[in-house]
Structure formats: structure tokens, C-alpha cells
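So this one's query05.cif, mmCIF, C-alpha atoms:
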data_final
loop_
_atom_site.label_atom_id
_atom_site.label_comp_id
_atom_site.auth_asym_id
_atom_site.auth_seq_id
_atom_site.Cartn_x
_atom_site.Cartn_y
_atom_site.Cartn_z
CA MET F 1 109.19 129.25 108.06
CA LEU F 2 109.02 127.99 111.64
CA ILE F 3 106.47 125.85 113.45
CA GLU F 4 105.99 127.19 116.96
CA SER F 5 106.04 124.63 119.75
CA TYR F 6 102.64 125.74 121.05
CA LYS F 7 101.05 124.72 117.73
CA ILE F 8 102.53 121.25 118.06
CA ALA F 9 101.35 121.06 121.67
CA SER F 10 97.82 122.13 120.70
CA HIS F 11 97.76 119.54 117.91
CA ASN F 12 98.88 116.83 120.33
CA ASP F 13 96.29 117.80 122.94
CA ASP F 14 93.51 117.17 120.45
CA LEU F 15 94.82 113.66 119.71
CA LEU F 16 96.16 112.69 123.11
CA LYS F 17 93.22 110.71 124.49
CA ALA F 18 92.90 108.47 121.42
CA HIS F 19 96.66 108.04 121.30
CA LYS F 20 96.89 106.94 124.94
CA ASN F 21 94.16 104.36 124.39
CA LYS F 22 96.07 102.92 121.41
CA LEU F 23 99.33 102.95 123.38
CA VAL F 24 97.83 100.96 126.25
CA PHE F 25 96.57 98.33 123.83
CA THR F 26 99.89 98.16 121.97
CA ALA F 27 101.80 97.78 125.24
CA SER F 28 99.59 94.81 126.09
CA GLU F 29 100.61 93.15 122.83
CA ILE F 30 104.35 93.85 122.83
CA ALA F 31 107.01 93.26 125.49
CA GLU F 32 109.62 95.83 126.52
CA THR F 33 107.79 98.77 124.99
CA GLU F 34 109.80 101.31 127.00
CA ASN F 35 113.03 99.98 125.51
CA ILE F 36 111.57 100.19 122.02
CA ILE F 37 110.32 103.74 122.54
CA GLN F 38 113.74 104.90 123.75
CA LYS F 39 115.46 103.36 120.74
CA LEU F 40 112.95 105.12 118.48
CA ILE F 41 113.68 108.44 120.20
CA ASP F 42 117.41 107.96 119.63
CA PHE F 43 117.07 106.90 115.98
CA GLN F 44 117.63 109.68 113.43
CA ILE F 45 117.28 109.51 109.65
CA ALA F 46 119.19 112.02 107.53
CA ILE F 47 117.36 113.97 104.84
CA PRO F 48 119.15 114.52 101.52
CA SER F 49 119.16 118.09 100.28
CA TRP F 50 118.03 117.00 96.80
CA ALA F 51 114.84 115.35 98.09
CA LEU F 52 113.36 118.70 99.13
CA GLY F 53 112.55 119.70 95.56
CA THR F 54 110.16 117.98 93.19
CA GLY F 55 111.86 115.19 91.29
CA GLY F 56 111.19 114.11 87.75
CA THR F 57 111.79 111.63 84.99
CA ARG F 58 113.74 111.68 81.74
CA PHE F 59 110.59 113.05 80.14
CA GLY F 60 109.43 115.84 82.40
CA ARG F 61 109.44 117.59 85.74
CA PHE F 62 106.53 119.39 87.35
CA PRO F 63 107.65 121.69 90.20
CA GLY F 64 105.22 122.01 93.06
CA GLY F 65 105.95 125.55 94.19
CA GLY F 66 107.79 126.89 97.22
CA GLU F 67 110.87 124.78 96.54
CA PRO F 68 114.07 125.74 98.40
CA ARG F 69 116.12 128.15 96.30
CA SER F 70 119.29 127.99 98.38
CA LEU F 71 121.16 125.85 100.86
CA GLU F 72 119.78 128.02 103.64
CA GLU F 73 116.21 127.26 102.60
CA LYS F 74 116.98 123.53 102.34
CA ILE F 75 118.22 123.58 105.92
CA GLU F 76 115.06 125.43 106.97
CA ASP F 77 112.91 122.78 105.27
CA VAL F 78 114.72 119.93 107.04
CA GLY F 79 114.28 121.92 110.25
CA LEU F 80 110.53 121.93 109.57
CA LEU F 81 110.54 118.16 109.12
CA HIS F 82 112.56 117.68 112.30
CA ALA F 83 110.21 119.90 114.28
CA LEU F 84 107.29 117.74 113.12
CA ASN F 85 108.80 114.29 113.78
CA ASN F 86 112.02 114.80 115.78
CA ALA F 87 113.52 111.98 113.73
CA SER F 88 115.11 113.97 110.89
CA GLY F 89 118.01 115.51 112.75
CA ALA F 90 120.57 115.57 109.95
CA ILE F 91 120.94 116.84 106.40
CA SER F 92 123.08 115.27 103.69
CA LEU F 93 124.52 117.73 101.16
CA HIS F 94 125.33 117.20 97.50
CA ILE F 95 128.37 119.02 96.12
CA PRO F 96 128.51 121.17 94.00
CA TRP F 97 124.75 121.76 94.40
CA ASP F 98 125.11 122.81 98.05
CA ILE F 99 128.37 124.70 98.47
CA PRO F 100 128.05 127.24 101.31
CA THR F 101 129.13 130.82 100.84
CA ASP F 102 129.59 131.26 104.61
CA TYR F 103 130.40 128.03 106.44
CA GLN F 104 130.06 129.45 109.93
CA ALA F 105 126.68 131.00 109.17
CA ILE F 106 125.46 127.69 107.69
CA LYS F 107 126.61 125.78 110.77
CA VAL F 108 124.86 128.27 113.03
CA LEU F 109 121.64 127.99 111.00
CA ALA F 110 121.76 124.20 111.17
CA ALA F 111 122.33 124.32 114.93
CA GLN F 112 119.32 126.60 115.33
CA HIS F 113 117.23 123.82 113.78
CA ASN F 114 118.98 121.11 115.85
CA LEU F 115 120.49 119.61 112.72
CA LYS F 116 123.82 117.93 112.05
CA PHE F 117 125.55 117.42 108.72
CA ASP F 118 125.45 113.81 107.56
CA ALA F 119 127.49 112.36 104.67
CA VAL F 120 128.55 114.70 101.89
CA ASN F 121 127.94 113.42 98.38
CA SER F 122 130.18 113.92 95.35
CA ASN F 123 128.89 114.38 91.81
CA THR F 124 130.79 112.97 88.86
CA PHE F 125 127.65 111.87 87.02
CA GLN F 126 127.07 115.36 85.59
CA ASP F 127 129.29 117.84 83.79
CA GLN F 128 129.53 121.21 85.49
CA ALA F 129 129.81 124.44 83.52
CA ASP F 130 133.40 125.20 84.51
CA GLN F 131 135.01 121.75 84.35
CA ALA F 132 137.78 121.01 81.86
CA HIS F 133 136.89 117.41 80.97
CA SER F 134 133.58 115.62 80.36
CA TYR F 135 132.30 112.58 82.25
CA LYS F 136 130.39 111.36 79.20
CA PHE F 137 132.45 108.15 79.19
CA GLY F 138 132.91 107.79 82.92
CA SER F 139 134.78 109.49 85.71
CA LEU F 140 136.88 107.36 88.07
CA GLN F 141 136.99 104.60 85.42
CA ASN F 142 137.74 106.84 82.44
CA VAL F 143 140.44 105.73 80.00
CA ASN F 144 141.74 109.32 80.04
CA LYS F 145 143.87 109.84 83.14
CA ALA F 146 143.18 113.59 83.11
CA VAL F 147 139.46 112.88 83.50
CA ARG F 148 140.16 110.51 86.38
CA LYS F 149 142.37 113.09 88.09
CA GLN F 150 139.61 115.69 87.73
CA ALA F 151 137.07 113.33 89.33
CA VAL F 152 139.46 112.46 92.16
CA ALA F 153 140.14 116.15 92.79
CA HIS F 154 136.40 116.81 93.00
CA ASN F 155 135.92 114.09 95.61
CA ILE F 156 138.81 115.45 97.66
CA GLU F 157 137.23 118.90 97.44
CA VAL F 158 133.97 117.42 98.71
CA ILE F 159 135.84 115.97 101.68
CA GLN F 160 137.21 119.43 102.46
CA GLN F 161 133.71 120.89 102.23
CA GLY F 162 132.50 118.24 104.66
CA ILE F 163 135.33 118.90 107.13
CA ALA F 164 134.37 122.57 107.21
CA LEU F 165 130.77 121.65 108.07
CA GLY F 166 131.48 118.93 110.62
CA SER F 167 130.51 115.95 108.46
CA GLU F 168 132.36 112.68 108.96
CA SER F 169 131.65 110.67 105.82
CA LEU F 170 131.77 110.78 102.03
CA THR F 171 129.32 108.95 99.78
CA VAL F 172 130.55 108.02 96.30
CA TRP F 173 128.05 106.94 93.67
CA LEU F 174 129.32 106.42 90.14
CA ALA F 175 127.37 106.52 86.89
CA ASP F 176 130.41 104.87 85.29
CA GLY F 177 129.81 101.95 82.95
CA SER F 178 129.15 101.28 79.29
CA CYS F 179 126.16 101.22 76.96
CA PHE F 180 127.45 98.72 74.37
CA PRO F 181 129.51 95.50 74.33
CA GLY F 182 133.15 96.18 73.60
CA GLN F 183 132.89 99.82 74.63
CA LEU F 184 135.32 99.35 77.51
CA ASN F 185 137.63 96.78 79.01
CA PHE F 186 135.97 95.57 82.25
CA ARG F 187 139.26 94.70 83.96
CA LYS F 188 140.88 98.03 83.14
CA ALA F 189 137.74 99.91 84.18
CA TYR F 190 137.87 98.14 87.56
CA GLN F 191 141.58 98.85 87.98
CA ASN F 192 141.22 102.52 87.04
CA THR F 193 138.33 102.89 89.47
CA LEU F 194 140.24 101.23 92.29
CA GLU F 195 143.28 103.43 91.69
CA SER F 196 141.08 106.53 91.77
CA LEU F 197 139.29 105.42 94.92
CA GLU F 198 142.63 104.78 96.62
CA GLU F 199 143.61 108.41 96.04
CA ILE F 200 140.29 109.59 97.47
CA TYR F 201 140.58 107.22 100.43
CA ALA F 202 144.06 108.56 101.23
CA ALA F 203 142.55 112.04 101.64
CA LEU F 204 140.05 110.95 104.31
CA PRO F 205 140.57 112.27 107.85
CA SER F 206 141.21 109.56 110.44
CA ASN F 207 137.65 109.75 111.84
CA TRP F 208 135.91 109.66 108.45
CA LYS F 209 134.20 106.87 106.52
CA LEU F 210 133.90 106.37 102.77
CA TYR F 211 130.61 104.86 101.58
CA LEU F 212 130.72 103.26 98.13
CA GLU F 213 127.25 102.92 96.63
CA TYR F 214 126.34 100.47 93.88
CA LYS F 215 123.65 100.32 91.23
CA CYS F 216 122.69 97.48 88.90
CA ALA F 217 121.79 99.68 85.90
CA GLU F 218 121.17 103.24 84.69
CA PRO F 219 122.34 105.52 83.26
CA ASN F 220 124.39 102.98 81.31
CA PHE F 221 122.58 100.09 79.67
CA TYR F 222 125.18 97.34 79.21
CA SER F 223 127.50 97.44 82.22
CA THR F 224 127.98 99.33 85.46
CA THR F 225 131.42 99.56 87.01
CA VAL F 226 130.07 99.23 90.58
CA ALA F 227 126.99 97.20 89.75
CA ASP F 228 126.21 95.21 92.90
CA TRP F 229 127.11 94.66 96.53
CA GLY F 230 129.81 92.16 95.63
CA GLN F 231 131.65 94.64 93.43
CA SER F 232 131.33 97.38 96.04
CA TYR F 233 132.55 94.95 98.71
CA SER F 234 135.53 94.06 96.52
CA TYR F 235 136.55 97.72 96.34
CA VAL F 236 136.01 98.63 100.00
CA LYS F 237 137.77 95.49 101.21
CA LYS F 238 140.85 96.57 99.28
CA LEU F 239 140.62 100.21 100.35
CA GLY F 240 140.77 99.65 104.11
CA GLU F 241 138.95 99.85 107.42
CA LYS F 242 137.39 103.26 106.76
CA ALA F 243 135.64 102.12 103.55
CA PHE F 244 132.16 100.59 103.56
CA THR F 245 129.38 99.53 101.20
CA LEU F 246 126.27 101.70 101.04
CA VAL F 247 122.97 99.93 100.29
CA ASP F 248 120.32 101.80 98.31
CA LEU F 249 117.12 99.77 98.38
CA GLY F 250 116.28 100.63 94.76
CA HIS F 251 119.66 99.65 93.33
CA HIS F 252 119.07 95.93 92.90
CA LEU F 253 117.90 93.55 90.22
CA PRO F 254 114.27 92.36 90.61
CA ASN F 255 113.67 89.96 93.51
CA ALA F 256 117.16 90.42 94.98
CA ASN F 257 117.28 89.25 98.60
CA ILE F 258 118.35 92.57 100.09
CA GLU F 259 117.95 91.36 103.66
CA GLN F 260 120.51 88.61 103.05
CA ILE F 261 122.90 91.11 101.46
CA VAL F 262 122.54 93.34 104.52
CA SER F 263 123.18 90.45 106.89
CA LEU F 264 126.35 89.34 105.13
CA LEU F 265 127.79 92.85 104.80
CA LEU F 266 127.11 93.44 108.47
CA MET F 267 128.76 90.15 109.38
CA GLU F 268 131.81 91.13 107.32
CA GLU F 269 131.90 94.55 109.05
CA LYS F 270 131.55 96.31 105.70
CA LEU F 271 127.99 97.62 105.87
CA GLY F 272 128.17 101.40 105.99
CA GLY F 273 124.57 102.46 105.82
CA PHE F 274 121.42 102.92 103.77
CA HIS F 275 119.61 105.03 101.26
CA PHE F 276 115.96 104.25 102.00
CA ASN F 277 113.31 104.31 99.29
CA ASP F 278 111.00 101.86 97.52
CA SER F 279 110.61 100.60 93.98
CA LYS F 280 108.39 98.62 91.68
CA TYR F 281 110.54 98.28 88.56
CA GLY F 282 114.00 99.70 89.22
CA ASP F 283 115.54 102.74 90.84
CA ASP F 284 112.12 104.33 91.25
CA ASP F 285 113.00 106.36 94.38
CA LEU F 286 109.47 105.99 95.72
CA THR F 287 108.33 106.56 99.30
CA ALA F 288 109.98 104.09 101.68
CA GLY F 289 107.62 101.27 102.58
CA ALA F 290 105.00 102.32 100.04
CA LEU F 291 105.24 99.13 97.95
CA LYS F 292 107.24 96.57 99.92
CA PRO F 293 106.70 97.16 103.64
CA TYR F 294 107.33 93.50 104.52
CA GLN F 295 110.71 93.61 102.80
CA LEU F 296 111.59 96.77 104.74
CA PHE F 297 110.67 94.97 107.97
CA LEU F 298 112.74 91.91 107.01
CA ILE F 299 115.73 94.16 106.32
CA PHE F 300 115.40 95.75 109.74
CA ASN F 301 114.96 92.32 111.28
CA GLU F 302 118.41 91.36 109.98
CA LEU F 303 119.83 94.72 111.00
CA VAL F 304 118.62 94.46 114.60
CA GLU F 305 119.85 90.89 114.93
CA GLY F 306 123.20 91.66 113.35
CA MET F 307 123.84 94.90 115.22
CA ASP F 308 122.89 93.37 118.55
CA SER F 309 125.16 90.37 117.96
CA ARG F 310 128.08 92.78 117.54
CA GLY F 311 127.09 95.16 120.34
CA MET F 312 126.56 98.05 117.93
CA ASN F 313 124.77 101.30 118.68
CA HIS F 314 121.69 101.27 116.46
CA ALA F 315 121.54 105.04 116.13
CA LYS F 316 125.20 105.87 115.54
CA ASP F 317 127.18 102.97 114.09
CA LEU F 318 125.51 102.91 110.66
CA GLY F 319 124.47 105.72 108.33
CA TRP F 320 120.72 106.13 107.85
CA MET F 321 119.44 108.32 105.02
CA ILE F 322 116.47 108.66 102.71
CA ASP F 323 117.07 108.89 98.96
CA ALA F 324 113.81 109.73 97.25
CA SER F 325 112.66 111.91 94.38
CA HIS F 326 109.08 112.47 93.27
CA ASN F 327 107.22 114.03 90.41
CA VAL F 328 103.69 113.93 91.83
CA LYS F 329 103.98 114.38 95.62
CA ASP F 330 104.75 117.28 97.89
CA PRO F 331 108.37 116.35 98.74
CA MET F 332 107.95 117.33 102.39
CA GLU F 333 104.90 115.12 102.83
CA ASP F 334 106.70 112.27 101.14
CA LEU F 335 109.70 112.60 103.46
CA LEU F 336 107.43 112.58 106.50
CA GLN F 337 105.77 109.41 105.19
CA SER F 338 109.15 107.78 104.50
CA VAL F 339 110.47 108.52 107.98
CA GLU F 340 107.27 107.09 109.49
CA ALA F 341 107.55 103.90 107.43
CA ILE F 342 111.20 103.43 108.42
CA MET F 343 110.41 103.95 112.09
CA VAL F 344 107.50 101.50 111.93
CA ALA F 345 109.66 98.81 110.32
CA TYR F 346 112.39 99.42 112.91
CA ALA F 347 109.88 99.18 115.79
CA GLN F 348 108.44 95.96 114.35
CA ALA F 349 111.93 94.46 114.14
CA LEU F 350 112.65 95.50 117.74
CA SER F 351 109.49 93.68 118.83
CA VAL F 352 110.56 90.30 117.39
CA ASP F 353 110.99 87.60 120.06
CA ARG F 354 114.66 86.86 119.35
CA LYS F 355 114.96 83.94 121.75
CA ALA F 356 111.89 82.19 120.36
CA LEU F 357 113.08 82.80 116.80
CA GLU F 358 116.51 81.34 117.54
CA ILE F 359 114.95 78.24 119.08
CA ALA F 360 112.71 77.77 116.05
CA GLN F 361 115.68 78.18 113.71
CA ASN F 362 117.81 75.70 115.67
CA GLU F 363 114.97 73.17 115.62
CA ASN F 364 114.29 73.73 111.90
CA ASP F 365 110.74 74.70 112.86
CA VAL F 366 109.94 76.62 109.72
CA VAL F 367 106.30 77.28 110.56
CA THR F 368 107.04 78.77 113.98
CA ALA F 369 109.84 80.94 112.57
CA GLN F 370 107.45 82.31 109.96
CA GLU F 371 104.73 82.91 112.54
CA ILE F 372 107.12 84.85 114.80
CA LEU F 373 108.16 87.20 112.02
CA GLN F 374 104.72 87.66 110.52
CA ASN F 375 103.12 88.28 113.92
CA ALA F 376 105.65 91.04 114.55
CA PHE F 377 105.00 92.53 111.11
CA ARG F 378 101.22 92.39 111.52
CA THR F 379 101.24 94.02 114.95
CA ASP F 380 100.36 97.71 114.78
CA VAL F 381 103.31 99.57 116.34
CA ARG F 382 102.35 103.05 115.19
CA ALA F 383 101.39 104.05 118.75
CA LEU F 384 104.97 103.36 119.87
CA VAL F 385 106.37 105.51 117.07
CA ALA F 386 103.91 108.28 117.91
CA GLU F 387 104.77 108.05 121.61
CA ALA F 388 108.46 108.49 120.77
CA ARG F 389 107.55 111.67 118.90
CA LEU F 390 105.32 112.88 121.73
CA ARG F 391 108.06 112.48 124.33
CA SER F 392 110.44 114.37 122.04
CA GLY F 393 108.13 117.35 121.65
CA ALA F 394 107.13 116.48 118.07
CA ALA F 395 103.72 115.93 116.50
CA LEU F 396 101.57 112.85 117.02
CA ASN F 397 100.46 113.13 113.38
CA PRO F 398 103.18 114.97 111.41
CA VAL F 399 101.48 114.83 108.01
CA GLY F 400 98.16 115.92 109.52
CA LEU F 401 99.72 118.92 111.27
CA TYR F 402 101.71 119.82 108.14
CA ARG F 403 98.45 120.04 106.23
CA ASP F 404 96.52 121.75 109.02
CA LEU F 405 99.15 124.49 109.13
CA ALA F 406 99.15 124.78 105.31
CA VAL F 407 102.94 124.65 105.29
CA ARG F 408 103.27 124.27 101.53
CA LYS F 409 101.02 127.26 100.96
CA GLY F 410 103.17 129.26 103.37
CA LEU F 411 106.34 128.25 101.51
CA ILE F 412 104.78 129.26 98.19
CA ASN F 413 103.78 132.63 99.62
CA GLU F 414 107.30 133.10 100.95
CA ARG F 415 109.30 131.83 97.97
CA GLY F 416 106.97 131.93 95.01
CA PHE F 417 105.23 129.29 92.95
CA LYS F 418 107.75 128.98 90.12
CA THR F 419 110.81 127.99 92.10
CA VAL F 420 113.23 125.16 91.39
CA ALA F 421 115.38 123.57 94.08
CA THR F 422 119.09 124.03 93.42
CA GLY F 423 120.69 121.03 91.77
CA LEU F 424 117.52 119.75 90.14
#
In C-alpha cells, how does this file's structure come out?
Amino acid sequence: MLIESYKIASHNDDLLKAHKNKLVFTASEIAETENIIQKLIDFQIAIPSWALGTGGTRFGRFPGGGEPRSLEEKIEDVGLLHALNNASGAISLHIPWDIPTDYQAIKVLAAQHNLKFDAVNSNTFQDQADQAHSYKFGSLQNVNKAVRKQAVAHNIEVIQQGIALGSESLTVWLADGSCFPGQLNFRKAYQNTLESLEEIYAALPSNWKLYLEYKCAEPNFYSTTVADWGQSYSYVKKLGEKAFTLVDLGHHLPNANIEQIVSLLLMEEKLGGFHFNDSKYGDDDLTAGALKPYQLFLIFNELVEGMDSRGMNHAKDLGWMIDASHNVKDPMEDLLQSVEAIMVAYAQALSVDRKALEIAQNENDVVTAQEILQNAFRTDVRALVAEARLRSGAALNPVGLYRDLAVRKGLINERGFKTVATGL
């Protein structure tokens, strides 16, 4: 399903006058708006292939109809999102859920939708039908060397899949851990995991990055082998200059200061990128910014400050991706909302008066420092985000146009109501 450019243009014409009025007001409130708009235009957020289907819980899953039945349809869905917001210009694939049958045809299809291939993701948290050994008791950490070798071989295969598609990074997330005290030896589990990661790292092309994700809990209940940013940092520091920590916003203990974690990893040159989502209790994978928008802004505040201090390219030097899964929302609408929330938080962080904040910090003026940040957060920057979309040929109101065009109904008519996205 395609969205013709004239439909986007017609949608924008209806909203243009009100938008321009908002933009003029916003520009009067914020300095250097042109610089902010250009950075927003350049900023792209990758869409994970698994987020295009309806998610679920341990207790049930309720498909919404019209889900993508193949890799080709997943690419088409991300193309729809990108046409609506021009900020979703990459897709992140999960292997073995998304193995192409014709690599050249897949690359051509992606190019037709102006999409690139972001990080490829390995899967050693599930057993596949044809594998020789089970990951029930871990993969890269497993006490059985044959299991570890199988998991390493899978990751190397994923790298090869990514090379064929033009990806330049591998994301490793491990479900490895234990459910009961005494189940495993922590030191040996760490050593086995490091040895396995070293084999995977050795298979990386020279221009690739390895992102090592962490997670405080789930699916194991007593210990996780890569449980927090410190453990991930310990691994990637040992692996080498192509290895980095990946931060998933839902993978922390309650009240963790994620913005401080981000700042320190960036300072140590070991921050690889993000999986954006939101949470109330744990790894809830909710819409980014839906529950903790101020935290998302504070994270971007540290990112902008840290990247600028190192002369980094905001759009290219870190990996930006959504990681969400929902049981009650249209996944496409949720992804549009998540991208919007991320862009708003980024624009707010770009609007912070850095010089004034630095002066307040150096003078220990706590009140002024708080006022500077909260004023930036409370300033409505949505007109700047919308203007970036407008200049890129995308929709002023992506969710509104998605609904006006009855996109989900069209996908159901095309694919059927009882469809399940591959891999879910």
C-alpha cells in the first residue's frame, strides 16, 4: 500500500495556515529555530521489524488485522511510516524472523521506499525448529560448549545476513541468566559469555559495530548475565573499539538515573545507541514518551551536550531505534506516536540555552539550572517538528492522515484480518 504524494500535499494544505501561525509564535520563543529544524530533518529513527505486528503478554495476544506476513510487507509498512513522517528511514531486522529469499530484490524494495537497513539483531532467546541444542539454560553463557558454539555461529550468520543487505551493526541481546540461587556460577557464566562474544567480535567487518544490550530482569528471575550498563560496559571495554553498549529505556531497575548512565557511557566513548520505549513497571515496551516525557527530555539533554562536546554528528554517530510491542494499539499508530515523542524531546533538548546552563552550574545556582531545563521542557516545540516534516514532503499530522486515509482498513483488505506478523 502506497500513500501518494498528492494526498500528503492536500492534507498539509488544509492545516498550513494554522501551522504557520504556531510556527511564528514558536520561533518568537526559541532561538536558532532554523538550526533546530535542520537537525530534525536530518534525524532518522529506525523501525524494528517486530514492532509492526501486534505484541502481547505471557497470557495472550490479540492481533489487530492486516499484519505484515513477510519481510516484503514489513518493508512496505515502514515505507508507509516514512512517507508520513520522513523520520523513519531505516528498518532493523531480526534473524531468523526476517531472512530474505532474494537479497537483491529486498534491497531494491527498500530503496524504493527510501529505506536503509539498520542494525541486524540475533536471536538466541528462542529455540528454532531445526537447531541441534536448546537455549533453555542460556546461550553464550551455557555450560555446554556445543550450545555456546551454536549461539556464536548464529550470530556470525546474522553478520553475514547484514553484510548482504548493507547493514553495518549487530545488536546482541541475551536472555541468559538463572532463575534460582546456585543454578550457575556467576564468574564462569561471565567468562563463557566473554569468550563467546570475542568470537563474534572477531567476525565483524572493519566498518561494523557490535551493540551489547543489557536487561535487569526477565526472562530469568534470579540473575541476568548482562544485567546492567556496568556489566555491558565491562564486556565491550574488553572486546575493543568496535563494541558499544546499547541502552534500552525499559531495561532498568525502578528510578534508575538513565540520563546519568547515558552521559557517562558517552564520555567513555562506549555509548552505541538506543532502543526507545517507555515503561511503568519494567520492560513494558510502551510508546516512547507516553509515561515519562520529562525523563526522555533529560536523556536527550545529556545526549546533545555530550555529542556536541565531542563534535559528534547527531544523526549518524549513534544508533537510534524504537523497540516497542503492544497488545491494544494499532502498531503503526504507536510507531508514529513514538517517533513524534522522540523528535519533540530532541527538539526541546536542542533549545536549551547551553551557555546559561553552564554558568548556572559553575555558580552552583540550582534554581536557575532547574528553570532553564524546565522552561525548555515546557515550551511547545511541536511546530518545529511539524515544520521539519513539511519541508521534507511528509505530513503535518501523520496520525491524523493515517486515520483519514483508513490505512489499517486498507491493509486488512489487502492482507486479511487474521494475519500474524512473522516472528511473533
Open item on the list: Quick one: residues within 10 Å of Pro293 in chain F, all atoms listed in the file, excluding same-chain residues fewer than 2 positions away - as an NGL selection string?
Closed with: :F and (278 or 288-291 or 295-299 or 341-342 or 344-345 or 377)
Task: Shell of 12 Å around Lys355 in chain F, all atoms listed in the file, local chain residues under 6 positions omitted, as a count of residues only - done: 5
TODO: Take the PyMOL selection byres ((chain F and resi 181) around 12), apply it to the structure above, and return the hits as a VMD selection string.
DONE: chain F and resid 177 to 180 182 to 186 220 to 224
Open item on the list: I need the residue nearest Ala111 in chain F from this list: F:Glu76, F:Asp98, F:Asp127, F:Glu333. Use all atoms listed in the file for the distance.
Closed with: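 Between F:Glu76, F:Asp98, F:Asp127, F:Glu333, the residue approaching Ala111 in chain F most closely is F:Glu76.
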- [ ] For each of F:Gly393, F:Asp102, F:Ile258, F:Gly89, take the minimum atom-to-atom distance to Tyr6 in chain F, counting all atoms listed in the file, then give the residue where this is smallest.
- [x] F:Gly393
TODO: Rank F:Tyr294, F:Trp50, F:Tyr233, F:Tyr135 by their smallest atom-to-atom distance to Ala175 in chain F, using all atoms listed in the file, and report the top residue only.
DONE: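 Comparing F:Tyr294, F:Trp50, F:Tyr233, F:Tyr135 against Ala175 in chain F, the winner is F:Tyr135.
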TODO: Excluding Pro48 in chain F and any residue of its chain fewer than 5 positions from it, enumerate the residues within 8 Å of it, using only C-alpha atoms, and give them as a PyMOL selection string.
DONE: chain F and resi 91-94+321-323
